[in-house]
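Content type mmCIF, C-alpha atoms and all ligand atoms, from the file entry-v6.cif:
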data_query
#
loop_
_atom_site.label_atom_id
_atom_site.label_comp_id
_atom_site.auth_asym_id
_atom_site.auth_seq_id
_atom_site.Cartn_x
_atom_site.Cartn_y
_atom_site.Cartn_z
CA MET A 1 16.91 0.73 -29.57
CA THR A 2 16.29 -2.59 -27.81
CA ARG A 3 13.01 -4.35 -28.36
CA ILE A 4 12.06 -6.44 -25.33
CA VAL A 5 9.54 -9.25 -25.80
CA LEU A 6 7.77 -10.97 -22.90
CA GLN A 7 6.93 -14.26 -24.53
CA GLY A 8 4.35 -16.93 -23.75
CA GLY A 9 2.81 -15.45 -20.60
CA THR A 10 -0.81 -14.94 -19.62
CA ILE A 11 -1.68 -11.25 -19.86
CA VAL A 12 -4.03 -10.04 -17.12
CA ASP A 13 -5.53 -6.55 -17.08
CA SER A 14 -8.94 -4.90 -16.70
CA ARG A 15 -10.22 -6.80 -19.74
CA GLY A 16 -9.50 -10.20 -18.19
CA GLU A 17 -6.98 -12.95 -18.97
CA TYR A 18 -5.61 -13.84 -22.39
CA ASP A 19 -2.47 -15.38 -23.83
CA GLY A 20 -0.04 -13.29 -25.84
CA ASP A 21 3.43 -11.85 -26.21
CA VAL A 22 4.15 -8.25 -25.28
CA ALA A 23 6.72 -6.15 -27.16
CA ILE A 24 8.26 -3.10 -25.51
CA GLU A 25 10.28 -0.32 -27.08
CA ASN A 26 11.24 3.13 -25.87
CA GLY A 27 9.46 2.76 -22.56
CA ARG A 28 6.14 1.74 -24.04
CA VAL A 29 4.19 -1.31 -25.05
CA VAL A 30 4.32 -1.32 -28.85
CA GLU A 31 2.69 -4.61 -29.82
CA VAL A 32 0.66 -7.42 -28.29
CA GLY A 33 0.24 -10.62 -30.27
CA GLU A 34 1.57 -14.04 -31.12
CA ASN A 35 5.10 -15.11 -32.02
CA LEU A 36 6.55 -11.63 -31.62
CA ARG A 37 10.26 -11.21 -32.25
CA GLY A 38 12.68 -9.01 -30.36
CA ASP A 39 16.31 -8.39 -29.34
CA ASP A 40 15.74 -9.35 -25.72
CA VAL A 41 13.24 -12.17 -25.46
CA ILE A 42 12.05 -13.21 -21.99
CA ASP A 43 10.39 -16.57 -21.51
CA ALA A 44 7.25 -15.82 -19.50
CA THR A 45 5.71 -19.27 -19.85
CA GLY A 46 3.62 -20.12 -16.78
CA CYS A 47 3.75 -16.50 -15.64
CA ILE A 48 1.24 -13.69 -15.37
CA VAL A 49 2.09 -10.47 -17.21
CA ALA A 50 0.18 -7.63 -15.56
CA PRO A 51 0.32 -3.89 -14.98
CA GLY A 52 2.85 -3.25 -12.21
CA PHE A 53 1.53 -3.14 -8.67
CA VAL A 54 0.72 0.20 -7.05
CA ASP A 55 1.04 0.60 -3.30
CA LEU A 56 -1.15 3.27 -1.75
CA HIS A 57 0.66 3.10 1.56
CA ALA A 58 4.46 2.96 1.86
CA HIS A 59 6.54 4.56 4.61
CA LEU A 60 9.83 5.35 2.88
CA ARG A 61 11.19 7.28 5.92
CA GLU A 62 13.15 9.86 3.94
CA PRO A 63 13.64 12.62 4.91
CA GLY A 64 14.34 12.08 8.58
CA LYS A 65 14.68 8.40 9.38
CA GLU A 66 17.14 7.14 6.78
CA GLU A 67 18.44 4.65 9.32
CA ALA A 68 15.19 2.68 8.80
CA GLU A 69 14.74 3.12 5.03
CA THR A 70 15.60 5.50 2.23
CA ILE A 71 13.61 6.31 -0.85
CA GLU A 72 16.13 4.24 -2.79
CA THR A 73 16.03 1.13 -0.56
CA GLY A 74 12.24 1.34 -0.22
CA SER A 75 11.92 1.70 -3.99
CA ARG A 76 14.12 -1.36 -4.47
CA ALA A 77 11.98 -3.33 -2.02
CA GLY A 78 8.94 -2.19 -4.00
CA ALA A 79 10.41 -3.22 -7.35
CA LYS A 80 11.27 -6.66 -5.91
CA GLY A 81 7.67 -6.95 -4.77
CA GLY A 82 6.42 -6.21 -8.30
CA TYR A 83 5.55 -2.55 -7.71
CA THR A 84 6.01 0.23 -10.24
CA ALA A 85 4.53 3.01 -8.09
CA LEU A 86 4.54 3.72 -4.36
CA VAL A 87 2.54 6.39 -2.59
CA ALA A 88 4.97 7.78 0.01
CA MET A 89 3.37 8.44 3.39
CA PRO A 90 3.80 11.92 4.84
CA ASN A 91 5.01 11.13 8.39
CA THR A 92 8.58 12.02 7.56
CA ASP A 93 10.75 14.57 9.35
CA PRO A 94 10.10 17.22 8.15
CA PRO A 95 6.61 16.05 7.20
CA GLN A 96 5.29 16.29 3.63
CA ASP A 97 3.34 19.50 4.19
CA SER A 98 5.29 21.85 1.90
CA VAL A 99 6.10 21.93 -1.80
CA ALA A 100 9.81 21.81 -0.91
CA VAL A 101 9.49 18.44 0.84
CA ILE A 102 7.11 17.06 -1.82
CA ASP A 103 9.62 18.03 -4.54
CA PHE A 104 12.47 16.48 -2.57
CA VAL A 105 10.64 13.15 -2.17
CA ARG A 106 9.69 13.07 -5.84
CA GLU A 107 13.23 13.95 -6.94
CA GLN A 108 14.78 11.27 -4.72
CA GLY A 109 12.35 8.83 -6.29
CA LYS A 110 13.46 9.86 -9.76
CA ARG A 111 17.10 9.61 -8.77
CA ALA A 112 16.59 6.03 -7.56
CA GLY A 113 14.68 5.33 -10.79
CA LEU A 114 13.19 2.05 -9.57
CA VAL A 115 9.51 2.95 -9.21
CA GLU A 116 7.46 6.12 -9.44
CA VAL A 117 7.46 7.64 -5.96
CA VAL A 118 4.16 9.49 -5.54
CA PRO A 119 4.28 11.79 -2.53
CA SER A 120 1.13 12.16 -0.47
CA GLY A 121 0.57 15.54 1.17
CA CYS A 122 -0.35 16.20 4.78
CA ILE A 123 -3.93 17.23 5.50
CA THR A 124 -2.79 19.37 8.43
CA LEU A 125 0.34 21.40 9.02
CA GLY A 126 3.01 19.23 10.60
CA ARG A 127 0.36 16.48 10.94
CA ARG A 128 -0.51 18.24 14.18
CA GLY A 129 -4.24 18.27 13.50
CA GLU A 130 -4.56 21.98 14.26
CA ALA A 131 -4.61 23.85 10.94
CA LEU A 132 -4.89 22.79 7.32
CA ALA A 133 -1.71 22.32 5.28
CA PRO A 134 -1.46 24.48 2.14
CA MET A 135 -3.57 21.98 0.22
CA ALA A 136 -4.14 24.14 -2.87
CA GLU A 137 -0.43 24.82 -3.22
CA LEU A 138 0.38 21.14 -2.79
CA ALA A 139 -2.34 20.16 -5.27
CA ALA A 140 -0.88 22.66 -7.76
CA ALA A 141 2.46 20.87 -7.26
CA GLY A 142 0.79 17.63 -8.37
CA VAL A 143 -0.29 16.06 -5.06
CA ARG A 144 -3.46 14.03 -5.60
CA ILE A 145 -3.78 12.24 -2.25
CA PHE A 146 -3.70 13.83 1.20
CA THR A 147 -3.37 12.13 4.58
CA ASP A 148 -2.01 12.63 8.08
CA ASP A 149 -1.25 8.89 8.23
CA GLY A 150 0.33 7.76 11.45
CA SER A 151 -2.55 9.59 13.05
CA GLY A 152 -6.11 10.49 12.12
CA VAL A 153 -7.49 14.01 11.91
CA GLN A 154 -9.28 14.23 15.26
CA ASP A 155 -11.07 17.55 14.89
CA GLU A 156 -14.43 17.27 13.14
CA LEU A 157 -14.53 20.86 11.93
CA LEU A 158 -11.02 20.65 10.49
CA MET A 159 -11.90 17.41 8.71
CA ARG A 160 -15.06 18.95 7.34
CA ARG A 161 -13.08 21.93 6.03
CA ALA A 162 -10.43 19.59 4.53
CA MET A 163 -13.19 17.74 2.69
CA GLU A 164 -14.88 20.92 1.44
CA TYR A 165 -11.52 22.18 0.23
CA GLY A 166 -10.51 18.78 -1.13
CA LYS A 167 -13.73 18.46 -3.10
CA GLY A 168 -12.97 21.74 -4.87
CA LEU A 169 -9.43 20.67 -5.61
CA GLY A 170 -10.51 17.27 -6.93
CA ILE A 171 -8.13 15.41 -4.63
CA THR A 172 -8.62 12.37 -2.38
CA LEU A 173 -8.46 12.51 1.42
CA ALA A 174 -7.02 9.32 2.90
CA GLN A 175 -7.88 8.82 6.54
CA HIS A 176 -5.99 6.90 9.22
CA CYS A 177 -9.04 6.01 11.29
CA GLU A 178 -8.16 6.20 14.96
CA VAL A 179 -9.90 8.21 17.68
CA ALA A 180 -6.80 8.93 19.74
CA SER A 181 -8.55 9.32 23.10
CA LEU A 182 -9.65 5.68 22.83
CA THR A 183 -6.21 4.23 22.10
CA LYS A 184 -3.99 6.03 24.59
CA GLY A 185 -1.26 3.60 25.70
CA ALA A 186 -2.88 0.76 23.75
CA VAL A 187 -0.67 -2.05 22.54
CA MET A 188 -2.88 -4.82 21.16
CA ASN A 189 -6.45 -5.52 20.13
CA GLU A 190 -8.95 -5.24 22.98
CA CYS A 191 -9.77 -8.91 23.50
CA GLN A 192 -9.52 -11.73 26.04
CA CYS A 193 -5.79 -12.14 25.40
CA CYS A 194 -5.01 -8.52 26.20
CA THR A 195 -6.81 -8.78 29.52
CA SER A 196 -4.97 -11.92 30.58
CA LEU A 197 -1.62 -10.59 29.36
CA GLY A 198 -2.16 -7.28 31.12
CA LEU A 199 -1.62 -5.33 27.91
CA PRO A 200 -3.72 -2.19 27.35
CA GLY A 201 -6.43 -2.91 24.75
CA TRP A 202 -6.99 -1.10 21.47
CA PRO A 203 -10.72 -1.19 20.82
CA SER A 204 -12.28 -1.65 17.38
CA ILE A 205 -14.61 1.26 18.09
CA ALA A 206 -11.62 3.65 17.94
CA GLU A 207 -11.43 2.89 14.21
CA GLU A 208 -15.12 2.49 13.49
CA LEU A 209 -16.19 5.84 14.97
CA MET A 210 -13.88 7.66 12.61
CA VAL A 211 -14.93 5.56 9.61
CA TYR A 212 -18.53 6.40 10.46
CA ARG A 213 -17.78 10.10 10.97
CA ASP A 214 -15.93 10.44 7.69
CA ILE A 215 -18.59 8.57 5.75
CA GLU A 216 -21.12 11.08 7.04
CA LEU A 217 -18.79 14.00 6.25
CA ALA A 218 -18.31 12.59 2.74
CA ARG A 219 -22.10 12.43 2.41
CA LEU A 220 -22.30 16.07 3.48
CA THR A 221 -19.46 17.45 1.39
CA GLY A 222 -19.26 15.11 -1.60
CA ALA A 223 -15.49 14.79 -1.11
CA ARG A 224 -13.61 11.66 -2.16
CA VAL A 225 -12.46 9.76 0.94
CA HIS A 226 -10.17 6.75 1.11
CA PHE A 227 -9.92 4.66 4.27
CA LEU A 228 -6.43 3.46 5.09
CA HIS A 229 -5.58 0.05 6.62
CA LEU A 230 -9.06 -1.00 7.79
CA SER A 231 -8.92 -3.76 10.36
CA THR A 232 -12.37 -4.57 11.73
CA ALA A 233 -15.50 -6.35 10.54
CA ARG A 234 -17.72 -3.39 11.39
CA SER A 235 -15.51 -1.01 9.35
CA VAL A 236 -16.05 -3.23 6.32
CA GLU A 237 -19.83 -3.17 6.92
CA LEU A 238 -19.80 0.63 7.18
CA VAL A 239 -17.91 1.00 3.90
CA ARG A 240 -20.18 -1.52 2.20
CA ALA A 241 -23.25 0.48 3.26
CA ALA A 242 -21.64 3.77 2.19
CA LYS A 243 -20.89 2.37 -1.26
CA HIS A 244 -24.42 1.07 -1.45
CA ASP A 245 -25.54 4.66 -0.88
CA GLY A 246 -23.35 5.73 -3.79
CA LEU A 247 -20.86 7.74 -1.73
CA PRO A 248 -17.40 8.42 -3.19
CA VAL A 249 -15.51 6.27 -0.66
CA THR A 250 -12.78 3.69 -1.20
CA ALA A 251 -10.89 1.47 1.23
CA GLU A 252 -7.77 -0.63 1.60
CA VAL A 253 -6.58 -3.47 3.81
CA THR A 254 -3.06 -4.67 4.45
CA PRO A 255 -1.68 -8.15 3.87
CA HIS A 256 -0.85 -8.43 7.58
CA HIS A 257 -4.41 -7.70 8.70
CA LEU A 258 -5.57 -10.39 6.26
CA SER A 259 -3.12 -13.00 7.51
CA LEU A 260 -2.16 -12.58 11.19
CA ASP A 261 -4.42 -12.45 14.24
CA GLU A 262 -4.22 -10.85 17.67
CA THR A 263 -2.84 -13.98 19.37
CA ARG A 264 0.55 -13.33 17.72
CA LEU A 265 1.27 -10.75 20.41
CA THR A 266 0.99 -13.36 23.17
CA THR A 267 4.67 -13.96 22.35
CA PHE A 268 5.40 -10.31 23.34
CA ASP A 269 7.33 -10.06 20.06
CA THR A 270 7.30 -6.42 18.98
CA VAL A 271 7.39 -7.41 15.30
CA TYR A 272 3.64 -8.03 15.65
CA LYS A 273 2.96 -4.59 17.10
CA VAL A 274 1.24 -2.53 14.45
CA ASN A 275 -1.25 0.31 14.11
CA PRO A 276 -4.09 -0.57 13.83
CA PRO A 277 -3.45 -3.77 15.78
CA LEU A 278 -3.83 -7.31 14.51
CA ARG A 279 -7.45 -8.26 15.16
CA SER A 280 -9.61 -11.34 15.72
CA PRO A 281 -10.20 -14.27 13.34
CA ARG A 282 -13.74 -12.94 12.83
CA ASP A 283 -12.38 -9.58 11.70
CA ILE A 284 -9.90 -11.31 9.39
CA ALA A 285 -12.71 -13.31 7.78
CA ALA A 286 -14.70 -10.10 7.21
CA LEU A 287 -11.71 -8.30 5.69
CA ARG A 288 -11.10 -11.19 3.30
CA ALA A 289 -14.78 -11.26 2.33
CA GLY A 290 -14.63 -7.49 1.81
CA VAL A 291 -11.75 -7.85 -0.65
CA LEU A 292 -13.47 -10.64 -2.53
CA ASP A 293 -16.83 -8.87 -2.88
CA GLY A 294 -15.27 -5.56 -3.93
CA THR A 295 -16.10 -3.56 -0.78
CA ILE A 296 -12.37 -3.21 -0.23
CA ASP A 297 -10.80 -1.65 -3.31
CA ALA A 298 -7.11 -2.16 -2.68
CA LEU A 299 -4.45 -4.16 -0.91
CA ALA A 300 -1.94 -1.68 0.49
CA THR A 301 1.15 -2.68 2.41
CA ASP A 302 1.57 -0.05 5.15
CA HIS A 303 5.24 -0.97 4.70
CA ALA A 304 6.65 0.45 7.94
CA PRO A 305 10.36 -0.16 8.34
CA HIS A 306 11.88 0.28 11.79
CA PRO A 307 15.50 -0.24 12.82
CA ARG A 308 16.27 -3.22 15.07
CA ARG A 309 17.25 -0.89 17.91
CA ASP A 310 13.71 0.54 18.01
CA LYS A 311 11.93 -2.78 17.68
CA GLU A 312 14.08 -4.19 20.52
CA LEU A 313 12.42 -1.83 22.99
CA ALA A 314 9.75 -3.15 25.36
CA LEU A 315 6.33 -3.75 23.83
CA ASP A 316 4.82 -0.53 25.15
CA GLN A 317 7.80 1.53 23.89
CA ALA A 318 8.48 -0.08 20.52
CA PRO A 319 7.08 1.69 17.44
CA PRO A 320 4.22 0.01 15.55
CA GLY A 321 4.69 -1.27 12.03
CA MET A 322 6.02 -4.06 9.86
CA LEU A 323 7.57 -4.50 6.41
CA GLY A 324 5.25 -5.36 3.56
CA LEU A 325 6.46 -4.54 0.06
CA GLU A 326 8.36 -7.73 -0.69
CA THR A 327 5.81 -10.14 0.77
CA ALA A 328 2.46 -8.63 -0.27
CA LEU A 329 1.94 -10.79 -3.36
CA GLY A 330 2.87 -13.99 -1.52
CA VAL A 331 0.58 -13.22 1.42
CA ALA A 332 -2.31 -12.26 -0.86
CA LEU A 333 -2.05 -15.45 -2.88
CA GLY A 334 -1.60 -17.49 0.30
CA VAL A 335 -4.66 -16.28 2.21
CA LEU A 336 -7.18 -15.19 -0.42
CA GLN A 337 -9.10 -17.53 -2.72
CA ILE A 338 -8.80 -14.85 -5.38
CA ASP A 339 -8.76 -15.11 -9.15
CA VAL A 340 -5.79 -13.44 -10.72
CA ALA A 341 -7.85 -10.79 -12.55
CA HIS A 342 -9.27 -9.61 -9.23
CA LEU A 343 -5.83 -9.71 -7.64
CA VAL A 344 -4.58 -7.37 -10.38
CA ARG A 345 -7.56 -5.11 -9.75
CA VAL A 346 -6.81 -4.73 -6.03
CA MET A 347 -3.03 -4.53 -6.38
CA SER A 348 -2.74 -2.37 -9.48
CA ILE A 349 -5.80 -1.06 -11.31
CA ASN A 350 -7.83 0.26 -8.35
CA PRO A 351 -4.92 1.73 -6.37
CA ALA A 352 -3.65 3.50 -9.51
CA ARG A 353 -7.04 5.12 -9.91
CA ILE A 354 -7.26 6.10 -6.22
CA ALA A 355 -3.77 7.64 -6.38
CA GLY A 356 -4.68 9.55 -9.55
CA ILE A 357 -1.94 7.94 -11.65
CA GLU A 358 -4.13 5.77 -13.87
CA ASP A 359 -2.73 7.42 -17.00
CA ARG A 360 0.57 5.59 -16.42
CA HIS A 361 -0.02 2.72 -13.97
CA GLY A 362 -2.64 -0.02 -13.75
CA ARG A 363 -3.35 0.38 -17.47
CA ASP A 364 -4.43 -2.17 -19.99
CA ILE A 365 -1.50 -3.76 -21.77
CA GLU A 366 -1.92 -2.39 -25.27
CA PRO A 367 0.17 -0.41 -27.76
CA GLY A 368 0.96 3.06 -26.47
CA ALA A 369 0.69 2.24 -22.76
CA PRO A 370 3.76 3.06 -20.64
CA ALA A 371 5.55 -0.23 -19.95
CA ASN A 372 5.06 -0.37 -16.17
CA LEU A 373 4.67 -4.11 -15.81
CA VAL A 374 5.16 -7.07 -13.50
CA VAL A 375 5.80 -10.67 -14.53
CA PHE A 376 5.12 -13.15 -11.75
CA ASP A 377 4.84 -16.88 -11.37
CA PRO A 378 1.74 -17.54 -9.26
CA HIS A 379 2.85 -21.09 -8.42
CA ALA A 380 6.56 -20.68 -7.62
CA THR A 381 7.42 -20.80 -3.91
CA TRP A 382 10.15 -19.05 -1.97
CA GLN A 383 11.20 -18.58 1.62
CA VAL A 384 11.34 -15.28 3.46
CA VAL A 385 14.94 -14.74 4.58
CA PRO A 386 15.29 -11.32 6.22
CA GLU A 387 18.90 -10.89 5.07
CA ALA A 388 17.78 -11.27 1.46
CA LEU A 389 15.26 -8.43 1.66
CA ALA A 390 16.07 -5.20 -0.16
CA SER A 391 14.57 -3.07 2.61
CA LYS A 392 17.03 -1.47 5.00
CA SER A 393 15.04 -2.81 7.94
CA ARG A 394 14.31 -6.38 8.98
CA ASN A 395 10.97 -6.17 10.80
CA THR A 396 9.04 -8.70 8.75
CA PRO A 397 6.59 -10.95 10.60
CA TYR A 398 6.96 -13.67 7.95
CA VAL A 399 10.54 -14.83 8.69
CA GLY A 400 11.12 -18.40 7.49
CA MET A 401 7.67 -18.70 5.96
CA THR A 402 7.20 -20.21 2.54
CA MET A 403 5.38 -17.88 0.16
CA ARG A 404 3.66 -18.85 -3.07
CA GLY A 405 3.85 -16.33 -5.90
CA ARG A 406 7.18 -15.04 -7.04
CA VAL A 407 8.02 -11.84 -8.89
CA ARG A 408 10.26 -12.74 -11.82
CA HIS A 409 10.57 -9.37 -13.52
CA THR A 410 9.45 -5.81 -12.95
CA LEU A 411 9.66 -3.19 -15.70
CA PHE A 412 9.43 0.51 -14.95
CA ASN A 413 9.09 2.81 -17.98
CA GLY A 414 10.19 -0.05 -20.18
CA ALA A 415 13.41 -0.92 -18.30
CA PHE A 416 14.00 -3.90 -16.04
CA THR A 417 14.18 -2.86 -12.40
CA VAL A 418 14.02 -6.53 -11.44
CA ARG A 419 15.12 -9.29 -13.77
CA ASP A 420 15.05 -13.00 -12.87
CA GLY A 421 14.22 -11.93 -9.32
CA GLU A 422 17.30 -9.69 -8.98
CA ALA A 423 17.17 -5.92 -8.59
CA GLN A 424 18.95 -4.30 -11.53
CA ARG A 425 20.17 -1.16 -9.74
O1 LIG A 501 1.91 0.45 12.17
C1 LIG A 501 1.98 1.55 11.67
N1 LIG A 501 3.19 2.13 11.44
N2 LIG A 501 0.86 2.22 11.37
C2 LIG A 501 0.89 3.52 11.00
O2 LIG A 501 -0.18 4.07 10.78
C3 LIG A 501 2.17 4.26 10.93
C4 LIG A 501 3.28 3.33 10.68
C5 LIG A 501 4.65 3.95 10.85
O3 LIG A 501 4.88 5.05 10.39
O4 LIG A 501 5.53 3.27 11.40
#

Could you write out this structure as structure tokens?
Ligand code: DOR
Amino acid sequence: MTRIVLQGGTIVDSRGEYDGDVAIENGRVVEVGENLRGDDVIDATGCIVAPGFVDLHAHLREPGKEEAETIETGSRAGAKGGYTALVAMPNTDPPQDSVAVIDFVREQGKRAGLVEVVPSGCITLGRRGEALAPMAELAAAGVRIFTDDGSGVQDELLMRRAMEYGKGLGITLAQHCEVASLTKGAVMNECQCCTSLGLPGWPSIAEELMVYRDIELARLTGARVHFLHLSTARSVELVRAAKHDGLPVTAEVTPHHLSLDETRLTTFDTVYKVNPPLRSPRDIAALRAGVLDGTIDALATDHAPHPRRDKELALDQAPPGMLGLETALGVALGVLQIDVAHLVRVMSINPARIAGIEDRHGRDIEPGAPANLVVFDPHATWQVVPEALASKSRNTPYVGMTMRGRVRHTLFNGAFTVRDGEAQR
């Protein structure tokens, strides 16, 4: 049995920052201390040793769109980004609304063996927004987070019923907040640019109305609600007020909404087309403030791979979405004045709790904990070269950019999935 020792790093978990070596055997942390000995000793000097990142929002595209990504390639991209768990979004083909598809996604994740793939379940059958999916059956099969992501649940009664049901099942409902009648044909944020470019505008109110509605439904039903990829200043204010009222709501933002603004689309480059759209500098400032003051619980990538052929379509035809798993850490460190303990909270500890996997991810690094860990150098820089990405797709908006913060090693269940920056399988 090999004993791995991560030596000389700074350990960061929910208890704060402290120096120490970490010994790993048999998939678990077995010892934390000074001058530990082992068979495989890794020099972690200058690095952070933290619980592996957990992404609440990854489109892995399998089954159905394996041309864009597979569970294996998406898992590899995740491992390279420092992730040990990915919540797989349900807008696959077929969608994740049956135990058979949930089991398939989970099994493919196990087969790849690079991260834990945590399937989300659909709220409505086929994500059509007409009738509830078999939520109890899916919950009995281990699903802890339900969403129709890619679209929001439009019908108020159906959403109310989903929350009443969800409350009884003890699961979390994750909402893609978009009132569809307000975004028909929309391409970019409703702003001055969109008017002068002649591109149909995507108003902030389309998101905020649904955030507001679901906060009030959460107040009524007591259900746990998570808001996906929030993008506007007013959404952050609504969540802040809801938390102030003690409601069981949580929220995430993406690295791209924290780093890129609406003017990117003046180039007509479809790589910047995303749902919800890139917003204004004022919105970006509010999102960043929301992360820093704890209103926003998690950074989530909305990793949305698309094949070149699809992204080469005209702006109104091209699908929305951009890659995120391999650049999230670099973007977060680049745009947020965030201390590393808080970074670990929003990238690992909080998302693990929201996904219901806190028994094995986002845990304190202490004897007995499963060794799901990331080792990253917060000062090392690297350049984004699309060809070097592990994802099957290339639609990253950060081509050529220099990122600060490099994942050195990722360990999943005590084994290296990434070592010295290289995927191990
Ligand atoms: O930009 C997006 N792309 N937002 C979503 O909500 C869905 C995603 C996708 O599936 O491509």

(request) Between A:Arg309, A:Lys65, A:Arg219, A:Lys80, single out the one closest to A:Glu422, counting all atoms listed in the file. (result)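 Among the listed residues, the smallest separation from A:Glu422 belongs to A:Lys80.
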
(request) List all protein, DNA and RNA residues that have an atom no more than 6 Å from any atom of ligand LIG 501 (chain A), counting all atoms listed in the file, and report them as a ChimeraX atom specification. (result) /A:149-150,274-275,304,320-321

(message) Considering all atoms listed in the file, can you say which of A:Gly81, A:Pro367, A:Gly121, A:Gly294 comes closest to A:Val236?
(response)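 Nearest candidate to A:Val236 out of A:Gly81, A:Pro367, A:Gly121, A:Gly294: A:Gly294.
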
(message) Taking all atoms listed in the file into account, name the residue in A:Gly8, A:Gly52, A:Gly27, A:Pro203 that is nearest to A:Leu278.
(response) A:Pro203

(message) Calculated over only C-alpha atoms, which of the candidates A:Val340, A:Leu299, A:Ala88, A:Met159 has the smallest distance to A:Pro255?
(response) A:Leu299

(request) Excluding stretch 184-193 of chain A and any residue of its chain fewer than 5 positions from it, enumerate the residues within 9 Å of it, using only C-alpha atoms, and give them as a list in words. (result)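 After dropping sequence-adjacent residues, the list is Gly198, Leu199, Pro200, Gly201, Trp202, Pro203, Ser204, Glu262, Thr263, Leu265, Thr266, Lys273, Val274, Asn275, Pro276, Pro277, Leu278, Arg279, Ser280, Leu315, Asp316 and Pro320 of chain A.
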
(request) Can you work out the spacing between atom CA of A:Leu169 and atom CA of A:Glu137 in Å, to one decimal? (result)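 These atoms are spaced 10.2 Å apart.
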
(message) Give me the residues near A:Arg76 as a PyMOL selection string, where near means some atom within 8 Å (using only C-alpha atoms) and where sequence neighbours in that chain fewer than 4 positions away do not count.
(response) chain A and resi 72+80+114-115+390-391+423

Generate the output file for the selected residues, C-alpha atoms, as a PDB file, keeping the file's coordinate frame.
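So the final result, stored in result.pdb, reads:
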ATOM      1  CA  GLU A  72      16.130   4.240  -2.790  1.00  0.00           C
ATOM      2  CA  LYS A  80      11.270  -6.660  -5.910  1.00  0.00           C
ATOM      3  CA  LEU A 114      13.190   2.050  -9.570  1.00  0.00           C
ATOM      4  CA  VAL A 115       9.510   2.950  -9.210  1.00  0.00           C
ATOM      5  CA  ALA A 390      16.070  -5.200  -0.160  1.00  0.00           C
ATOM      6  CA  SER A 391      14.570  -3.070   2.610  1.00  0.00           C
ATOM      7  CA  ALA A 423      17.170  -5.920  -8.590  1.00  0.00           C
TER       8      ALA A 423
END

(request) Figure out the distance between atom CA of A:Phe416 and atom CA of A:Asp43, please, to one decimal in Å. (result)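 Separation between atom CA of A:Asp43 and atom CA of A:Phe416: 14.3 Å.
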
(request) Determine the nearest neighbour of A:Gly166 from the options A:Gly46, A:Pro119, A:Gly222, A:Gly324, counting all atoms listed in the file. (result)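 Checking each candidate against A:Gly166, we get A:Gly222 as the closest.
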
(request) Find the residues around stretch 401-410 of chain A up to 8 Å (all atoms listed in the file counted), leave out those fewer than 2 positions away in its own chain, and share them as a ChimeraX atom specification. (result) /A:52,79-84,327,329-331,333-334,372-384,398-399,412,416-421

With only C-alpha atoms counted and 8 Å as the cut-off, give the residues of stretch 167-273 of chain A in contact with stretch 350-357 of chain A, each with its shortest interatomic distance in Å and the pair that gives it, as a tab-separated table.
residue	atom	partner	partner_atom	distance
A:Thr172	CA	A:Ile354	CA	7.5
A:His226	CA	A:Ile354	CA	7.9
A:Thr250	CA	A:Ile354	CA	7.8

Output of the above residues as a tab-separated table (two decimals), keeping the file's coordinate frame, restricted to C-alpha atoms:
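Written file, result_36.tsv:
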chain	number	residue	atom	x	y	z
A	172	THR	CA	-8.62	12.37	-2.38
A	226	HIS	CA	-10.17	6.75	1.11
A	250	THR	CA	-12.78	3.69	-1.20

(request) For stretch 256-258 of chain A, list every protein, DNA or RNA residue within 9 Å, evaluated using all atoms listed in the file, and leave out those in the same chain fewer than 2 positions away; present the list as a list in words. (result)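 In the requested format, the answer is His229, Leu230, Ser231, Val253, Thr254, Leu260, Asp261, Pro276, Pro277, Leu278, Arg279, Asp283, Ile284, Ala285, Leu287, Arg288, Thr301, Met322, Gly324, Ala328, Val331, Ala332, Val335, Leu336 and Pro397 of chain A.
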